[in-house]
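For reference, target_38.cif is printed below; it contains mmCIF, C-alpha atoms, pLDDT in the B column; chains and numbers go by the auth columns.
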data_upload
loop_
_atom_site.group_PDB
_atom_site.id
_atom_site.type_symbol
_atom_site.label_atom_id
_atom_site.label_comp_id
_atom_site.label_asym_id
_atom_site.label_seq_id
_atom_site.Cartn_x
_atom_site.Cartn_y
_atom_site.Cartn_z
_atom_site.B_iso_or_equiv
_atom_site.auth_seq_id
_atom_site.auth_asym_id
ATOM 1 C CA MET A 1 264.828 42.313 -46.781 68.00 12 O
ATOM 2 C CA GLU A 2 263.975 43.684 -43.368 73.00 13 O
ATOM 3 C CA VAL A 3 265.959 46.625 -41.983 67.00 14 O
ATOM 4 C CA LYS A 4 266.369 46.737 -38.211 74.00 15 O
ATOM 5 C CA PRO A 5 268.056 49.649 -36.458 72.00 16 O
ATOM 6 C CA ASP A 6 270.849 48.845 -34.002 84.00 17 O
ATOM 7 C CA LYS A 7 269.373 49.504 -30.555 88.00 18 O
ATOM 8 C CA HIS A 8 272.746 50.236 -28.941 91.00 19 O
ATOM 9 C CA LYS A 9 273.718 52.744 -31.633 92.00 20 O
ATOM 10 C CA LEU A 10 270.401 54.553 -31.298 93.00 21 O
ATOM 11 C CA ILE A 11 270.834 54.775 -27.525 95.00 22 O
ATOM 12 C CA GLU A 12 274.354 56.123 -28.004 95.00 23 O
ATOM 13 C CA LEU A 13 273.092 58.665 -30.546 96.00 24 O
ATOM 14 C CA ALA A 14 270.318 59.787 -28.203 97.00 25 O
ATOM 15 C CA HIS A 15 272.775 60.475 -25.377 97.00 26 O
ATOM 16 C CA TYR A 16 275.738 61.794 -27.353 97.00 27 O
ATOM 17 C CA ARG A 17 276.732 65.374 -26.612 97.00 28 O
ATOM 18 C CA MET A 18 278.511 67.709 -28.986 97.00 29 O
ATOM 19 C CA PRO A 19 282.195 67.685 -27.965 97.00 30 O
ATOM 20 C CA PHE A 20 283.186 71.116 -29.315 94.00 31 O
ATOM 21 C CA GLY A 21 282.086 74.415 -30.812 93.00 32 O
ATOM 22 C CA LYS A 22 279.078 76.621 -30.369 93.00 33 O
ATOM 23 C CA TYR A 23 276.890 73.763 -29.128 97.00 34 O
ATOM 24 C CA LYS A 24 279.472 72.002 -26.951 97.00 35 O
ATOM 25 C CA GLY A 25 277.819 69.867 -24.267 97.00 36 O
ATOM 26 C CA ARG A 26 274.364 69.817 -25.874 98.00 37 O
ATOM 27 C CA TYR A 27 272.669 66.609 -26.930 97.00 38 O
ATOM 28 C CA LEU A 28 272.879 66.204 -30.692 98.00 39 O
ATOM 29 C CA VAL A 29 269.083 66.142 -30.917 98.00 40 O
ATOM 30 C CA ASP A 30 268.976 69.628 -29.334 98.00 41 O
ATOM 31 C CA ILE A 31 271.207 71.216 -31.969 97.00 42 O
ATOM 32 C CA PRO A 32 269.361 73.114 -34.731 97.00 43 O
ATOM 33 C CA GLU A 33 268.984 71.445 -38.110 97.00 44 O
ATOM 34 C CA ALA A 34 270.702 74.415 -39.787 97.00 45 O
ATOM 35 C CA TYR A 35 273.943 73.481 -38.004 96.00 46 O
ATOM 36 C CA TYR A 36 273.816 69.993 -39.532 97.00 47 O
ATOM 37 C CA ILE A 37 273.153 71.442 -42.963 96.00 48 O
ATOM 38 C CA TRP A 38 276.190 73.699 -42.497 96.00 49 O
ATOM 39 C CA PHE A 39 278.281 70.624 -41.641 94.00 50 O
ATOM 40 C CA GLN A 40 276.908 68.836 -44.690 96.00 51 O
ATOM 41 C CA GLN A 41 278.029 71.725 -46.906 97.00 52 O
ATOM 42 C CA LYS A 42 281.457 72.110 -45.263 96.00 53 O
ATOM 43 C CA GLY A 43 282.099 68.422 -44.664 96.00 54 O
ATOM 44 C CA PHE A 44 281.348 66.289 -41.634 96.00 55 O
ATOM 45 C CA PRO A 45 284.222 65.355 -39.320 94.00 56 O
ATOM 46 C CA GLU A 46 285.854 61.986 -39.842 94.00 57 O
ATOM 47 C CA GLY A 47 285.072 58.962 -37.703 96.00 58 O
ATOM 48 C CA LYS A 48 282.378 58.299 -35.153 95.00 59 O
ATOM 49 C CA LEU A 49 281.343 61.933 -34.636 96.00 60 O
ATOM 50 C CA GLY A 50 280.837 62.465 -38.346 96.00 61 O
ATOM 51 C CA GLN A 51 278.710 59.339 -38.546 96.00 62 O
ATOM 52 C CA LEU A 52 276.570 60.468 -35.610 97.00 63 O
ATOM 53 C CA LEU A 53 276.122 63.940 -37.103 97.00 64 O
ATOM 54 C CA ARG A 54 275.069 62.458 -40.455 97.00 65 O
ATOM 55 C CA SER A 55 272.572 60.206 -38.694 96.00 66 O
ATOM 56 C CA MET A 56 271.121 63.095 -36.712 97.00 67 O
ATOM 57 C CA LEU A 57 270.744 65.166 -39.873 97.00 68 O
ATOM 58 C CA GLU A 58 268.664 62.355 -41.397 96.00 69 O
ATOM 59 C CA ILE A 59 266.570 62.170 -38.225 96.00 70 O
ATOM 60 C CA LYS A 60 265.960 65.918 -38.255 97.00 71 O
ATOM 61 C CA VAL A 61 265.213 66.117 -41.995 96.00 72 O
ATOM 62 C CA ASN A 62 262.591 63.401 -41.491 96.00 73 O
ATOM 63 C CA SER A 63 261.154 64.995 -38.309 96.00 74 O
ATOM 64 C CA LEU A 64 261.972 61.979 -36.136 95.00 75 O
ATOM 65 C CA GLU A 65 263.348 63.858 -33.123 97.00 76 O
ATOM 66 C CA SER A 66 260.496 62.489 -31.011 97.00 77 O
ATOM 67 C CA VAL A 67 261.943 58.985 -31.466 95.00 78 O
ATOM 68 C CA ILE A 68 265.301 60.131 -30.062 96.00 79 O
ATOM 69 C CA ARG A 69 263.631 61.927 -27.146 97.00 80 O
ATOM 70 C CA LYS A 70 261.662 58.761 -26.340 96.00 81 O
ATOM 71 C CA ILE A 71 264.900 56.762 -26.356 95.00 82 O
ATOM 72 C CA GLN A 72 266.452 59.319 -23.970 96.00 83 O
ATOM 73 C CA LYS A 73 263.488 58.867 -21.642 96.00 84 O
ATOM 74 C CA ASP A 74 263.143 55.084 -21.916 95.00 85 O
ATOM 75 C CA PHE A 75 266.882 54.313 -21.763 94.00 86 O
ATOM 76 C CA PRO A 76 268.458 56.825 -19.380 91.00 87 O
ATOM 77 C CA MET A 77 272.234 56.852 -19.150 82.00 88 O
ATOM 78 C CA GLU A 78 273.647 55.529 -15.943 68.00 89 O
ATOM 79 C CA LYS A 79 275.559 58.076 -13.911 58.00 90 O
ATOM 80 C CA GLN A 80 279.274 57.449 -13.944 46.00 91 O
#
Rewrite the structure of this file - the entire thing - as structure tokens.
Amino acid sequence: MEVKPDKHKLIELAHYRMPFGKYKGRYLVDIPEAYYIWFQQKGFPEGKLGQLLRSMLEIKVNSLESVIRKIQKDFPMEKQ
């Protein structure tokens, strides 16, 4: 079985900004790993944000931030 990541979800993850708290407005990839570990211990939010935070924790734990930064560069968000 071959596992293929969803390109659109990765692009969304790369450009998603934290909507609240200490790191409000920062890209998820720019938030320290310790913050994700804190969320893991306290409980991730429900819904889409929680899913994105869980995904970013896995990316950070596996030192794959460079992949997200490349996606940010290669697939810039269009200005709205």
From the set O:Leu21, O:Leu60, O:Leu68, O:Leu75, which residue has the shortest atom-to-atom contact distance to Ile48 in chain O, counting all atoms listed in the file? O:Leu68
So the first atom is CA of Lys71 in chain O and the second is CA of Glu13 in chain O; what is the distance between them in Å, to one decimal place?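 So the answer is 22.9 Å.
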Write out as JSON, numbers by chain which residues come within 10 Å of Phe86 in chain O when counting all atoms listed in the file, dropping same-chain ones fewer than 5 positions away. {"O": [22, 23, 25, 26, 80, 81]}
How far is it from CA of Lys59 in chain O to CA of Leu39 in chain O, in Å with one decimal?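 Interatomic distance, CA of Lys59 in chain O to CA of Leu39 in chain O: 13.1 Å.
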Glu69 in chain O environment, 12 Å, all atoms listed in the file, sequence neighbours closer than 4 positions dropped, as number ranges by chain: O: 40, 44, 47-48, 51, 62-65, 73-76
